[in-house]
Amino acid sequence: MDSDTVSSTPLSGLEPTPEAEYESRIANLSSTPAQCTTEYFSWRQLTDLSEKMPELQEQFGPVTASYMGDCVVLGTESGAVVVADYLGRVKITLVGFQTASYGAVSAVAFSANHLALVAGYALGYVVVWDWVKGTTVSVSRPLQTSDSPGTAGHPAGTAVTFVSFIGASKHRYISASAGGHVLYHHIVRRLLTTMSTTPLSLPEQNTADILFETAPLPLGSYKCATDDMGLVAVLTSAHITVLCTRHGVEQQYRQNRQPLVTGSNSKNRAFTKRPYAGCLSWLPALKHKRAPTATDPLESHVTLPKLAYSWGPSIRVIALEFDYKVAANGAPLDSSGSLARLRFEPVLEWEAIEDVVFCRWVEADVLLYMTQSQRMFVFEIHLRQETEVCASPPGSIAGRPWATLATGIEAEPSYAQVMGMYRRRLFAVCGESSVYTGRLLAWTERLALLVDQDRLIDAITLAIGFHQGRTGQVVVGLPRPRHGSEPLEKRRHALVGSNLVELMRMALQRTFGSGSAQQRSDSVVRALISVCVEACLAINNQPLLYGEVFERYSASSQRRRVYLETIEPFILSGEISRLPPQILNAMVDSYGAKLHLVRRLGELLMNLRLSPGDFDIDRVLSSCRQHRLWRTFARVWLGMGDPVAPIASILAAAEAGTSTEVATNSIAAASEVVASVNELVDVDDEAPDAVIFDYLGTVICGRYYPDGKPIRPQNVAEQYSMLVTELVFPPVETARRLSSDELQATFGTLLVLLGL
């Protein structure tokens with residue numbers, strides 16, 4: 001995830017500022033013991049605020065609604081609204097002369113600047129408060145029998161379950177009641193303060209529709225054309241609707257509930273069972289910092305608004321796009337007051353394992369949702385990747401069954417009144433007296449958690465996945481590539497690479513440090529070198545692999561053998577093409593001491609790029625002669641740029657025959673291998689008479705021996721071919737008949753070849 005998204009609105013004018021207290025308290029949560037921390041997610045109790053809850057309940061009754069922003073708003077059963085900070089200090093209690101007759105507080109919300117507050121009540125009232133002064137701005141009462149036809153309002157006795165201000169306004173807001181009435185309110189201040197109320201959505205007669213959730217599009221971190229439209233989304237069990245509330249109410253989008261498209265995810269359950277469930281969440285327009293490139297010099301990237309919603313287990317995401325009168329990033333082009341025309345494009349259709357009851361955007365393309373059994377999942381939209389991050393915090397989150405109480409239809413309880421997302425932190429009221437905050441762990445915190453648990457090998461493995469971007473899990477705090485952005489990938493490599501080096505050094509110290517060697521099993525030692533090799537290759541840090549790591553493993557012959565056996569497959573696959581002299585010599589000594597390892601030594605040497613000065617030439621060549629690794633012998637000379645040198649030695653071995661060179665030791669060595677590992681080395685393809693003809697034919701054709709790869713550049717291939725050809729068929733400048741001694745001297749190589 002990109003950690004540079006900005007979407008907060010600062011609070012000013014209050015001393016001390018709630019924002020400062022929020023940052024102070026939340027930033028120091030490390031002093032609070034984590035509870036229910038998983039590999040991805042950490043829940044912590046807001047201790048000071050939770051300790052204050054019993055006192056508030058004794059005075060005002062149980063908490064029935066909450067809102068978390070720069071301050072904490074708690075609605076109570078008695079109708080009182082308590083504004084407090086995260087340290088549990090009550091700033092003000094909002095109680096009017098008649099609020100006790102409004103019923104319990106069923107929904108609360110701050111305005112964008114946190115200076116106004118709107119509260120909905122269980123009996124249908126909606127009150128806007130200037131909470132700093134402690135006064136009411138307006139009161140919307142429920143419908144009465146004496147009201148004239150056409151009057152807009154919530155039914156009396158029906159709880160108002162959703163309230164929210166629209167955009168940056170303190171005078172325009174929406175309210176929705178459990179019975180399905182969604183209203184748009186506009187407070188007009190002229191000589192007198194008046195309020196107009198317009199229905200946005202009303203329940204259809206003789207239907208079993210349920211209002212799941214309604215929400216306006218919040219302000220983002222940059223000016224977007226949608227900011228002036230006052231968009232409001234309404235989700236019911238029958239349809240999803242998006243309405244524009246600026247300059248009158250106008251429907252922008254409507255989609256009736258449809259079964260999930262077959263193939264998007266396999267379950268495709270019908271939405272006919274009880275209880276019903278649904279939720280929605282807006283992603284505002286966001287701006288992200290990024291490194292400019294030659295093709296794209298902009299230092300920021302923008303994300304246009306998206307809307308996520310669910311019906312039962314089916315999750316859908318739609319993106320807002322513009323037809324005209326806006327820039328490519330959605331910014332308005334003129335100030336004429338005309339609104340942009342929107343298009344709604346489907347982005348995602350997915351099915352969760354259970355009904356989804358709560359969802360909120362963590363940041364662009366990252367959606368957090370909770371299922372009916374209170375399991376938390378994170379879904380990365382562009383990767384279509386789902387990760388279960390945790391279960392609910394200690395103590396169950398008690399949803400509010402407002403819809404069931406109002407309609408008599410069995411439905412999942414609503415969690416929007418007791419849960420919220422603010423600055424990438426999830427807040428939840430658990431039970432009656434506890435407030436918890438939860439967040440996704442950053443990648444560094446996940447590594448630190450594994451280190452604390454002494455799972456260093458797992459930490460290195462996870463860090464390798466972070467570096468390569470292939471963990472298959474949600475990752476917080478690392479740049480996410482957008483449109484194949486190479487600078488972001490380099491930035492991710494730089495961030496993770498240094499941590500990988502630190503983790504490897506820590507693991508080596510704990511494994512081989514003083515007093516630790518006897519505590520580590522052989523399996524741990526093997527697993528550690530395996531991940532260290534993979535990590536060093538991933539970050540291209542061969543000096544660490546061949547230096548500090550090798551030194552730790554070279555303390556004993558057994559560990560040295562483990563090191564060499566671990567890098568062996570990487571040599572054969574071509575990921576390691578060069579070895580420093582000390583490791584190459586150690587490999588020659590170790591593998592050459594056992595007959596059954598001789599063949600493997602030959603294969604390894606043939607896959608390495610051997611250049612003079614990189615290794616002890618005499619040791620390698622003498623080992624090849626001793627063990628009759630003629631293919632390797634030829635390849636080493638050819639790799640050093642001398643295609644002629646191996647021919648004489650191989651021909652001499654072919655003439656002498658295998659018996660004279662190995663003498664009687666070969667029988668004893670073979671018997672030892674049969675007794676110990678029940679394996680004999682097949683040396684047919686190392687026979688000098690077979691090797692020499694293959695070698696000559698390959699080099700004359702301009703290819704490397706024995707893999708047959710073309711020798712580059714072409715002039716080198718031609719030079720090698722000419723040298724070998726002239727050795728076998730030397731040019732003769734005289735026309736007279738040569739004597740036998742002259743023939744032997746001139747065509748000695750050819751004669752030996754003919755004699756094989």
# chains A, B, ... in the order shown; residues from 1 in each chain; ligands from 1

call {"tool": "select_by_dssp", "arguments": {"residues": "region 340-404 of chain A", "states": "strand (DSSP E)", "output": "compact mmCIF listing (two decimals) with N, CA, C and O atoms, in the first residue's frame"}}
result
# COMPACT_ATOMS: atom_id res chain seq x y z
N LEU A 342 -21.55 12.52 -15.16
CA LEU A 342 -20.85 11.37 -14.61
C LEU A 342 -21.15 10.10 -15.39
O LEU A 342 -22.24 9.95 -15.95
N ARG A 343 -20.18 9.20 -15.39
CA ARG A 343 -20.38 7.84 -15.84
C ARG A 343 -19.95 6.91 -14.70
O ARG A 343 -18.98 7.19 -13.99
N PHE A 344 -20.66 5.82 -14.52
CA PHE A 344 -20.37 4.86 -13.47
C PHE A 344 -19.95 3.55 -14.12
O PHE A 344 -20.75 2.89 -14.78
N GLU A 345 -18.66 3.23 -13.95
CA GLU A 345 -18.10 2.06 -14.61
C GLU A 345 -17.86 0.94 -13.60
O GLU A 345 -17.23 1.16 -12.56
N PRO A 346 -18.36 -0.27 -13.87
CA PRO A 346 -18.09 -1.39 -12.95
C PRO A 346 -16.59 -1.69 -12.90
O PRO A 346 -15.91 -1.72 -13.92
N VAL A 347 -16.09 -1.92 -11.69
CA VAL A 347 -14.68 -2.22 -11.48
C VAL A 347 -14.49 -3.64 -10.97
O VAL A 347 -13.58 -4.34 -11.39
N LEU A 348 -15.38 -4.08 -10.08
CA LEU A 348 -15.16 -5.36 -9.41
C LEU A 348 -16.48 -6.00 -9.05
O LEU A 348 -17.43 -5.32 -8.67
N GLU A 349 -16.54 -7.31 -9.19
CA GLU A 349 -17.60 -8.14 -8.63
C GLU A 349 -16.93 -9.30 -7.92
O GLU A 349 -16.15 -10.04 -8.52
N TRP A 350 -17.23 -9.45 -6.65
CA TRP A 350 -16.55 -10.46 -5.83
C TRP A 350 -17.55 -11.02 -4.84
O TRP A 350 -18.52 -10.35 -4.47
N GLU A 351 -17.31 -12.24 -4.41
CA GLU A 351 -18.19 -12.84 -3.41
C GLU A 351 -17.37 -13.27 -2.20
O GLU A 351 -16.42 -14.04 -2.31
N VAL A 356 -21.62 -9.78 4.07
CA VAL A 356 -20.81 -8.63 4.48
C VAL A 356 -21.72 -7.63 5.18
O VAL A 356 -22.74 -7.21 4.63
N VAL A 357 -21.34 -7.23 6.39
CA VAL A 357 -22.20 -6.34 7.19
C VAL A 357 -21.58 -4.96 7.40
O VAL A 357 -22.27 -4.05 7.88
N PHE A 358 -20.30 -4.79 7.06
CA PHE A 358 -19.65 -3.50 7.26
C PHE A 358 -18.46 -3.42 6.32
O PHE A 358 -17.70 -4.38 6.18
N CYS A 359 -18.30 -2.29 5.64
CA CYS A 359 -17.14 -2.10 4.77
C CYS A 359 -16.71 -0.64 4.80
O CYS A 359 -17.54 0.26 4.91
N ARG A 360 -15.41 -0.43 4.72
CA ARG A 360 -14.84 0.91 4.65
C ARG A 360 -13.54 0.86 3.85
O ARG A 360 -12.80 -0.11 3.90
N TRP A 361 -13.29 1.94 3.10
CA TRP A 361 -12.04 2.06 2.36
C TRP A 361 -10.93 2.41 3.34
O TRP A 361 -11.06 3.34 4.14
N VAL A 362 -9.82 1.68 3.25
CA VAL A 362 -8.64 2.04 4.02
C VAL A 362 -7.84 3.09 3.26
O VAL A 362 -7.36 4.06 3.83
N GLU A 363 -7.69 2.90 1.97
CA GLU A 363 -7.09 3.87 1.07
C GLU A 363 -7.44 3.45 -0.35
O GLU A 363 -8.24 2.53 -0.55
N VAL A 366 -7.94 -0.27 -1.65
CA VAL A 366 -7.86 -1.20 -0.53
C VAL A 366 -9.13 -1.07 0.31
O VAL A 366 -9.38 -0.02 0.91
N LEU A 367 -9.92 -2.13 0.34
CA LEU A 367 -11.20 -2.13 1.02
C LEU A 367 -11.17 -3.12 2.18
O LEU A 367 -10.77 -4.27 2.02
N LEU A 368 -11.57 -2.64 3.35
CA LEU A 368 -11.71 -3.52 4.52
C LEU A 368 -13.18 -3.82 4.72
O LEU A 368 -14.02 -2.91 4.65
N TYR A 369 -13.50 -5.09 4.97
CA TYR A 369 -14.90 -5.43 5.25
C TYR A 369 -14.99 -6.49 6.34
O TYR A 369 -14.05 -7.24 6.59
N MET A 370 -16.15 -6.52 6.99
CA MET A 370 -16.41 -7.46 8.08
C MET A 370 -17.62 -8.30 7.72
O MET A 370 -18.62 -7.79 7.20
N THR A 371 -17.53 -9.59 7.98
CA THR A 371 -18.63 -10.50 7.69
C THR A 371 -19.51 -10.66 8.91
O THR A 371 -19.22 -10.14 9.99
N ARG A 375 -15.54 -11.53 11.16
CA ARG A 375 -14.20 -11.77 10.63
C ARG A 375 -13.84 -10.61 9.70
O ARG A 375 -14.66 -10.20 8.87
N MET A 376 -12.62 -10.11 9.84
CA MET A 376 -12.18 -8.96 9.06
C MET A 376 -11.35 -9.41 7.86
O MET A 376 -10.44 -10.23 7.99
N PHE A 377 -11.65 -8.82 6.70
CA PHE A 377 -10.92 -9.10 5.48
C PHE A 377 -10.48 -7.78 4.85
O PHE A 377 -11.13 -6.75 5.02
N VAL A 378 -9.38 -7.85 4.12
CA VAL A 378 -8.92 -6.72 3.31
C VAL A 378 -8.84 -7.19 1.87
O VAL A 378 -8.30 -8.26 1.59
N PHE A 379 -9.39 -6.39 0.98
CA PHE A 379 -9.40 -6.73 -0.44
C PHE A 379 -8.67 -5.64 -1.21
O PHE A 379 -9.00 -4.46 -1.10
N GLU A 380 -7.65 -6.04 -1.98
CA GLU A 380 -6.93 -5.11 -2.86
C GLU A 380 -7.54 -5.20 -4.25
O GLU A 380 -7.45 -6.23 -4.92
N GLN A 385 -7.17 -9.43 -4.75
CA GLN A 385 -6.51 -10.25 -3.75
C GLN A 385 -7.17 -10.04 -2.39
O GLN A 385 -7.25 -8.92 -1.90
N GLU A 386 -7.63 -11.12 -1.79
CA GLU A 386 -8.35 -11.06 -0.52
C GLU A 386 -7.48 -11.66 0.59
O GLU A 386 -6.88 -12.72 0.42
N THR A 387 -7.41 -10.97 1.73
CA THR A 387 -6.62 -11.45 2.87
C THR A 387 -7.46 -11.33 4.14
O THR A 387 -7.99 -10.26 4.44
N GLU A 388 -7.60 -12.44 4.86
CA GLU A 388 -8.25 -12.37 6.16
C GLU A 388 -7.24 -11.86 7.17
O GLU A 388 -6.20 -12.48 7.39
N VAL A 389 -7.53 -10.72 7.79
CA VAL A 389 -6.54 -10.08 8.64
C VAL A 389 -6.74 -10.33 10.12
O VAL A 389 -5.79 -10.30 10.89
N CYS A 390 -7.98 -10.56 10.57
CA CYS A 390 -8.19 -10.77 12.00
C CYS A 390 -9.64 -11.15 12.27
O CYS A 390 -10.49 -11.11 11.39
N ALA A 391 -9.88 -11.50 13.52
CA ALA A 391 -11.24 -11.65 14.03
C ALA A 391 -11.60 -10.36 14.77
O ALA A 391 -10.83 -9.41 14.81

call {"tool": "residues_around", "arguments": {"residues": "region 491-495 of chain A", "least_positions_apart": "4", "cutoff": "8 Å", "atoms": "only C-alpha atoms", "output": "VMD selection string"}}
result
chain A and resid 467 to 468 478 to 479 487 499 539

call {"tool": "select_by_dssp", "arguments": {"residues": "region 46-100 of chain A", "states": "helix (DSSP H, G or I)", "output": "JSON, numbers by chain"}}
result
{"A": [47, 48, 49, 50, 51, 52, 53, 54, 55, 56, 57, 58, 59, 60, 99, 100]}

call {"tool": "write_last_selection", "arguments": {"atoms": "N, CA and C atoms", "output": "CSV table (one decimal), in the first residue's frame"}}
result
chain,number,residue,atom,x,y,z
A,47,THR,N,-7.7,2.8,26.5
A,47,THR,CA,-7.8,2.5,27.9
A,47,THR,C,-8.5,3.7,28.7
A,48,ASP,N,-8.0,4.9,28.5
A,48,ASP,CA,-8.5,6.1,29.2
A,48,ASP,C,-10.0,6.3,28.9
A,49,LEU,N,-10.3,6.2,27.6
A,49,LEU,CA,-11.7,6.4,27.2
A,49,LEU,C,-12.6,5.3,27.7
A,50,SER,N,-12.1,4.0,27.6
A,50,SER,CA,-12.9,2.9,28.1
A,50,SER,C,-13.1,3.0,29.6
A,51,GLU,N,-12.2,3.5,30.4
A,51,GLU,CA,-12.3,3.6,31.8
A,51,GLU,C,-13.4,4.7,32.2
A,52,LYS,N,-13.6,5.6,31.3
A,52,LYS,CA,-14.6,6.6,31.5
A,52,LYS,C,-16.0,6.2,31.2
A,53,MET,N,-16.1,5.1,30.4
A,53,MET,CA,-17.4,4.7,29.9
A,53,MET,C,-18.4,4.3,31.0
A,54,PRO,N,-18.0,3.5,32.0
A,54,PRO,CA,-18.9,3.2,33.1
A,54,PRO,C,-19.5,4.4,33.8
A,55,GLU,N,-18.7,5.4,34.0
A,55,GLU,CA,-19.2,6.7,34.6
A,55,GLU,C,-20.2,7.4,33.7
A,56,LEU,N,-20.0,7.4,32.4
A,56,LEU,CA,-20.9,8.0,31.5
A,56,LEU,C,-22.2,7.2,31.4
A,57,GLN,N,-22.1,5.9,31.5
A,57,GLN,CA,-23.3,5.1,31.4
A,57,GLN,C,-24.1,5.2,32.7
A,58,GLU,N,-23.5,5.4,33.8
A,58,GLU,CA,-24.2,5.6,35.1
A,58,GLU,C,-25.0,6.9,35.0
A,59,GLN,N,-24.4,7.9,34.3
A,59,GLN,CA,-25.1,9.2,34.3
A,59,GLN,C,-26.1,9.3,33.2
A,60,PHE,N,-25.8,8.8,32.0
A,60,PHE,CA,-26.6,9.0,30.8
A,60,PHE,C,-27.2,7.7,30.2
A,99,THR,N,-34.7,17.2,24.5
A,99,THR,CA,-34.0,16.0,23.9
A,99,THR,C,-34.3,14.7,24.6
A,100,ALA,N,-34.7,14.8,25.9
A,100,ALA,CA,-35.0,13.6,26.6
A,100,ALA,C,-36.3,12.9,26.0

call {"tool": "closest_residue", "arguments": {"among": "A:Ala535, A:Val73, A:Leu405, A:Thr245", "to": "Arg89 (chain A)", "atoms": "only C-alpha atoms"}}
result
A:Val73

call {"tool": "residues_around", "arguments": {"residues": "Tyr309 (chain A)", "least_positions_apart": "3", "cutoff": "8 Å", "atoms": "only C-alpha atoms", "output": "mmCIF file with all heavy atoms, in the first residue's frame"}}
result
data_model
loop_
_atom_site.group_PDB
_atom_site.id
_atom_site.type_symbol
_atom_site.label_atom_id
_atom_site.label_comp_id
_atom_site.auth_asym_id
_atom_site.auth_seq_id
_atom_site.Cartn_x
_atom_site.Cartn_y
_atom_site.Cartn_z
ATOM 1 N N LEU A 235 -28.458 2.620 -0.414
ATOM 2 C CA LEU A 235 -28.456 1.185 -0.670
ATOM 3 C C LEU A 235 -29.622 0.535 0.070
ATOM 4 O O LEU A 235 -29.735 0.648 1.292
ATOM 5 C CB LEU A 235 -27.144 0.554 -0.200
ATOM 6 C CG LEU A 235 -27.025 -0.964 -0.365
ATOM 7 C CD1 LEU A 235 -26.954 -1.342 -1.848
ATOM 8 C CD2 LEU A 235 -25.813 -1.509 0.376
ATOM 9 N N GLY A 278 -26.329 -5.815 4.074
ATOM 10 C CA GLY A 278 -25.788 -4.940 3.045
ATOM 11 C C GLY A 278 -25.087 -3.754 3.669
ATOM 12 O O GLY A 278 -25.357 -3.387 4.819
ATOM 13 N N CYS A 279 -24.168 -3.149 2.932
ATOM 14 C CA CYS A 279 -23.441 -1.973 3.413
ATOM 15 C C CYS A 279 -22.808 -1.281 2.219
ATOM 16 O O CYS A 279 -22.739 -1.847 1.114
ATOM 17 C CB CYS A 279 -22.379 -2.362 4.440
ATOM 18 S SG CYS A 279 -21.169 -3.541 3.817
ATOM 19 N N LEU A 280 -22.328 -0.059 2.420
ATOM 20 C CA LEU A 280 -21.660 0.672 1.350
ATOM 21 C C LEU A 280 -20.588 1.577 1.935
ATOM 22 O O LEU A 280 -20.572 1.866 3.135
ATOM 23 C CB LEU A 280 -22.653 1.471 0.505
ATOM 24 C CG LEU A 280 -23.461 2.606 1.144
ATOM 25 C CD1 LEU A 280 -22.657 3.900 1.264
ATOM 26 C CD2 LEU A 280 -24.713 2.886 0.328
ATOM 27 N N SER A 281 -19.692 2.058 1.055
ATOM 28 C CA SER A 281 -18.627 2.969 1.477
ATOM 29 C C SER A 281 -18.110 3.729 0.269
ATOM 30 O O SER A 281 -17.873 3.148 -0.792
ATOM 31 C CB SER A 281 -17.484 2.196 2.139
ATOM 32 O OG SER A 281 -16.436 3.067 2.521
ATOM 33 N N ILE A 315 -19.881 -8.446 -3.251
ATOM 34 C CA ILE A 315 -19.260 -7.123 -3.163
ATOM 35 C C ILE A 315 -19.078 -6.582 -4.572
ATOM 36 O O ILE A 315 -18.591 -7.278 -5.460
ATOM 37 C CB ILE A 315 -17.895 -7.199 -2.457
ATOM 38 C CG1 ILE A 315 -18.056 -7.764 -1.043
ATOM 39 C CG2 ILE A 315 -17.232 -5.832 -2.408
ATOM 40 C CD1 ILE A 315 -16.734 -8.026 -0.357
ATOM 41 N N ARG A 316 -19.484 -5.330 -4.761
ATOM 42 C CA ARG A 316 -19.307 -4.665 -6.055
ATOM 43 C C ARG A 316 -18.645 -3.311 -5.844
ATOM 44 O O ARG A 316 -18.871 -2.653 -4.833
ATOM 45 C CB ARG A 316 -20.654 -4.486 -6.762
ATOM 46 C CG ARG A 316 -21.266 -5.788 -7.275
ATOM 47 C CD ARG A 316 -22.680 -5.554 -7.771
ATOM 48 N NE ARG A 316 -23.207 -6.686 -8.515
ATOM 49 C CZ ARG A 316 -23.749 -7.762 -7.967
ATOM 50 N NH1 ARG A 316 -23.817 -7.857 -6.643
ATOM 51 N NH2 ARG A 316 -24.206 -8.747 -8.717
ATOM 52 N N VAL A 317 -17.849 -2.913 -6.823
ATOM 53 C CA VAL A 317 -17.186 -1.606 -6.805
ATOM 54 C C VAL A 317 -17.439 -0.945 -8.146
ATOM 55 O O VAL A 317 -17.267 -1.565 -9.202
ATOM 56 C CB VAL A 317 -15.672 -1.740 -6.557
ATOM 57 C CG1 VAL A 317 -15.000 -0.375 -6.625
ATOM 58 C CG2 VAL A 317 -15.400 -2.387 -5.205
ATOM 59 N N CYS A 359 -18.301 -2.286 5.638
ATOM 60 C CA CYS A 359 -17.138 -2.101 4.768
ATOM 61 C C CYS A 359 -16.712 -0.641 4.798
ATOM 62 O O CYS A 359 -17.537 0.261 4.912
ATOM 63 C CB CYS A 359 -17.429 -2.547 3.334
ATOM 64 S SG CYS A 359 -18.629 -1.524 2.436
#

call {"tool": "residues_around", "arguments": {"residues": "Ser101 (chain A)", "least_positions_apart": "5", "cutoff": "9 Å", "atoms": "only C-alpha atoms", "output": "number ranges by chain"}}
result
A: 78-79, 123

call {"tool": "closest_residue", "arguments": {"among": "A:Thr136, A:Ile210, A:Phe633, A:Arg619", "to": "Leu605 (chain A)", "atoms": "only C-alpha atoms"}}
result
A:Phe633

call {"tool": "residues_around", "arguments": {"residues": "Ala238 (chain A)", "least_positions_apart": "4", "cutoff": "7 Å", "atoms": "only C-alpha atoms", "output": "PyMOL selection string"}}
result
chain A and resi 209+256-257

call {"tool": "closest_residue", "arguments": {"among": "A:Leu143, A:Val72, A:Val302, A:Ile353", "to": "Phe110 (chain A)", "atoms": "only C-alpha atoms"}}
result
A:Val72

call {"tool": "residues_around", "arguments": {"residues": "Thr698 (chain A)", "least_positions_apart": "3", "cutoff": "12 Å", "atoms": "only C-alpha atoms", "output": "JSON list (two decimals) with N, CA, C and O atoms, in the first residue's frame"}}
result
[["chain", "number", "residue", "atom", "x", "y", "z"],
["A", 634, "ALA", "N", 37.98, -29.48, -20.41],
["A", 634, "ALA", "CA", 37.92, -28.78, -21.70],
["A", 634, "ALA", "C", 37.17, -27.46, -21.57],
["A", 634, "ALA", "O", 37.56, -26.44, -22.15],
["A", 635, "ARG", "N", 36.08, -27.49, -20.79],
["A", 635, "ARG", "CA", 35.27, -26.26, -20.66],
["A", 635, "ARG", "C", 36.04, -25.17, -19.92],
["A", 635, "ARG", "O", 35.92, -23.98, -20.26],
["A", 638, "LEU", "N", 38.53, -23.65, -22.36],
["A", 638, "LEU", "CA", 37.81, -22.87, -23.36],
["A", 638, "LEU", "C", 37.28, -21.58, -22.76],
["A", 638, "LEU", "O", 37.30, -20.52, -23.40],
["A", 643, "PRO", "N", 41.35, -22.48, -26.65],
["A", 643, "PRO", "CA", 40.66, -23.68, -27.13],
["A", 643, "PRO", "C", 41.61, -24.84, -27.47],
["A", 643, "PRO", "O", 41.17, -25.97, -27.65],
["A", 691, "VAL", "N", 34.97, -37.45, -25.37],
["A", 691, "VAL", "CA", 35.01, -36.00, -25.12],
["A", 691, "VAL", "C", 35.73, -35.28, -26.25],
["A", 691, "VAL", "O", 35.28, -34.23, -26.72],
["A", 692, "ILE", "N", 36.87, -35.83, -26.71],
["A", 692, "ILE", "CA", 37.69, -35.11, -27.67],
["A", 692, "ILE", "C", 36.96, -34.86, -28.99],
["A", 692, "ILE", "O", 37.02, -33.76, -29.55],
["A", 693, "PHE", "N", 36.24, -35.85, -29.48],
["A", 693, "PHE", "CA", 35.52, -35.65, -30.75],
["A", 693, "PHE", "C", 34.36, -34.67, -30.59],
["A", 693, "PHE", "O", 34.12, -33.84, -31.47],
["A", 694, "ASP", "N", 33.64, -34.78, -29.48],
["A", 694, "ASP", "CA", 32.56, -33.81, -29.23],
["A", 694, "ASP", "C", 33.13, -32.40, -29.11],
["A", 694, "ASP", "O", 32.55, -31.42, -29.62],
["A", 695, "TYR", "N", 34.24, -32.29, -28.42],
["A", 695, "TYR", "CA", 34.84, -30.97, -28.21],
["A", 695, "TYR", "C", 35.28, -30.36, -29.54],
["A", 695, "TYR", "O", 34.97, -29.20, -29.84],
["A", 701, "CYS", "N", 32.52, -25.63, -34.94],
["A", 701, "CYS", "CA", 31.24, -25.02, -35.37],
["A", 701, "CYS", "C", 30.96, -23.69, -34.69],
["A", 701, "CYS", "O", 29.89, -23.10, -34.87],
["A", 702, "GLY", "N", 31.91, -23.18, -33.88],
["A", 702, "GLY", "CA", 31.74, -21.87, -33.26],
["A", 702, "GLY", "C", 30.84, -21.87, -32.04],
["A", 702, "GLY", "O", 30.20, -20.86, -31.77],
["A", 703, "ARG", "N", 30.85, -22.98, -31.30],
["A", 703, "ARG", "CA", 30.00, -23.07, -30.11],
["A", 703, "ARG", "C", 30.81, -23.51, -28.90],
["A", 703, "ARG", "O", 31.87, -24.13, -29.03],
["A", 704, "TYR", "N", 30.28, -23.13, -27.72],
["A", 704, "TYR", "CA", 30.92, -23.55, -26.48],
["A", 704, "TYR", "C", 30.67, -25.03, -26.23],
["A", 704, "TYR", "O", 29.63, -25.58, -26.61],
["A", 705, "TYR", "N", 31.64, -25.64, -25.59],
["A", 705, "TYR", "CA", 31.50, -27.04, -25.21],
["A", 705, "TYR", "C", 31.27, -27.09, -23.69],
["A", 705, "TYR", "O", 31.91, -26.37, -22.95],
["A", 706, "PRO", "N", 30.35, -27.92, -23.16],
["A", 706, "PRO", "CA", 29.53, -28.91, -23.89],
["A", 706, "PRO", "C", 28.10, -28.46, -24.12],
["A", 706, "PRO", "O", 27.30, -29.23, -24.62],
["A", 707, "ASP", "N", 27.75, -27.22, -23.71],
["A", 707, "ASP", "CA", 26.33, -26.82, -23.77],
["A", 707, "ASP", "C", 25.89, -26.40, -25.16],
["A", 707, "ASP", "O", 24.70, -26.27, -25.43],
["A", 708, "GLY", "N", 26.85, -26.15, -26.08],
["A", 708, "GLY", "CA", 26.50, -25.82, -27.45],
["A", 708, "GLY", "C", 26.03, -24.40, -27.66],
["A", 708, "GLY", "O", 25.53, -24.07, -28.74],
["A", 709, "LYS", "N", 26.21, -23.51, -26.69],
["A", 709, "LYS", "CA", 25.80, -22.12, -26.86],
["A", 709, "LYS", "C", 26.76, -21.41, -27.80],
["A", 709, "LYS", "O", 27.98, -21.68, -27.78],
["A", 710, "PRO", "N", 26.25, -20.51, -28.63],
["A", 710, "PRO", "CA", 27.13, -19.81, -29.58],
["A", 710, "PRO", "C", 28.20, -18.99, -28.86],
["A", 710, "PRO", "O", 27.95, -18.37, -27.84],
["A", 711, "ILE", "N", 29.41, -19.01, -29.43],
["A", 711, "ILE", "CA", 30.49, -18.18, -28.90],
["A", 711, "ILE", "C", 30.32, -16.78, -29.44],
["A", 711, "ILE", "O", 30.17, -16.57, -30.65],
["A", 717, "ALA", "N", 34.53, -16.59, -32.18],
["A", 717, "ALA", "CA", 34.15, -17.93, -32.61],
["A", 717, "ALA", "C", 34.96, -18.37, -33.82],
["A", 717, "ALA", "O", 35.42, -19.52, -33.91],
["A", 720, "TYR", "N", 38.57, -19.17, -32.67],
["A", 720, "TYR", "CA", 38.66, -20.46, -32.00],
["A", 720, "TYR", "C", 38.58, -21.61, -33.03],
["A", 720, "TYR", "O", 39.33, -22.59, -32.96],
["A", 721, "SER", "N", 37.66, -21.48, -33.96],
["A", 721, "SER", "CA", 37.48, -22.52, -34.97],
["A", 721, "SER", "C", 38.74, -22.68, -35.82],
["A", 721, "SER", "O", 39.17, -23.81, -36.13],
["A", 724, "VAL", "N", 41.66, -24.47, -33.75],
["A", 724, "VAL", "CA", 41.46, -25.91, -33.58],
["A", 724, "VAL", "C", 41.63, -26.63, -34.92],
["A", 724, "VAL", "O", 42.25, -27.71, -35.00],
["A", 725, "THR", "N", 41.11, -26.04, -35.97],
["A", 725, "THR", "CA", 41.23, -26.66, -37.29],
["A", 725, "THR", "C", 42.68, -26.76, -37.71],
["A", 725, "THR", "O", 43.13, -27.80, -38.25]]
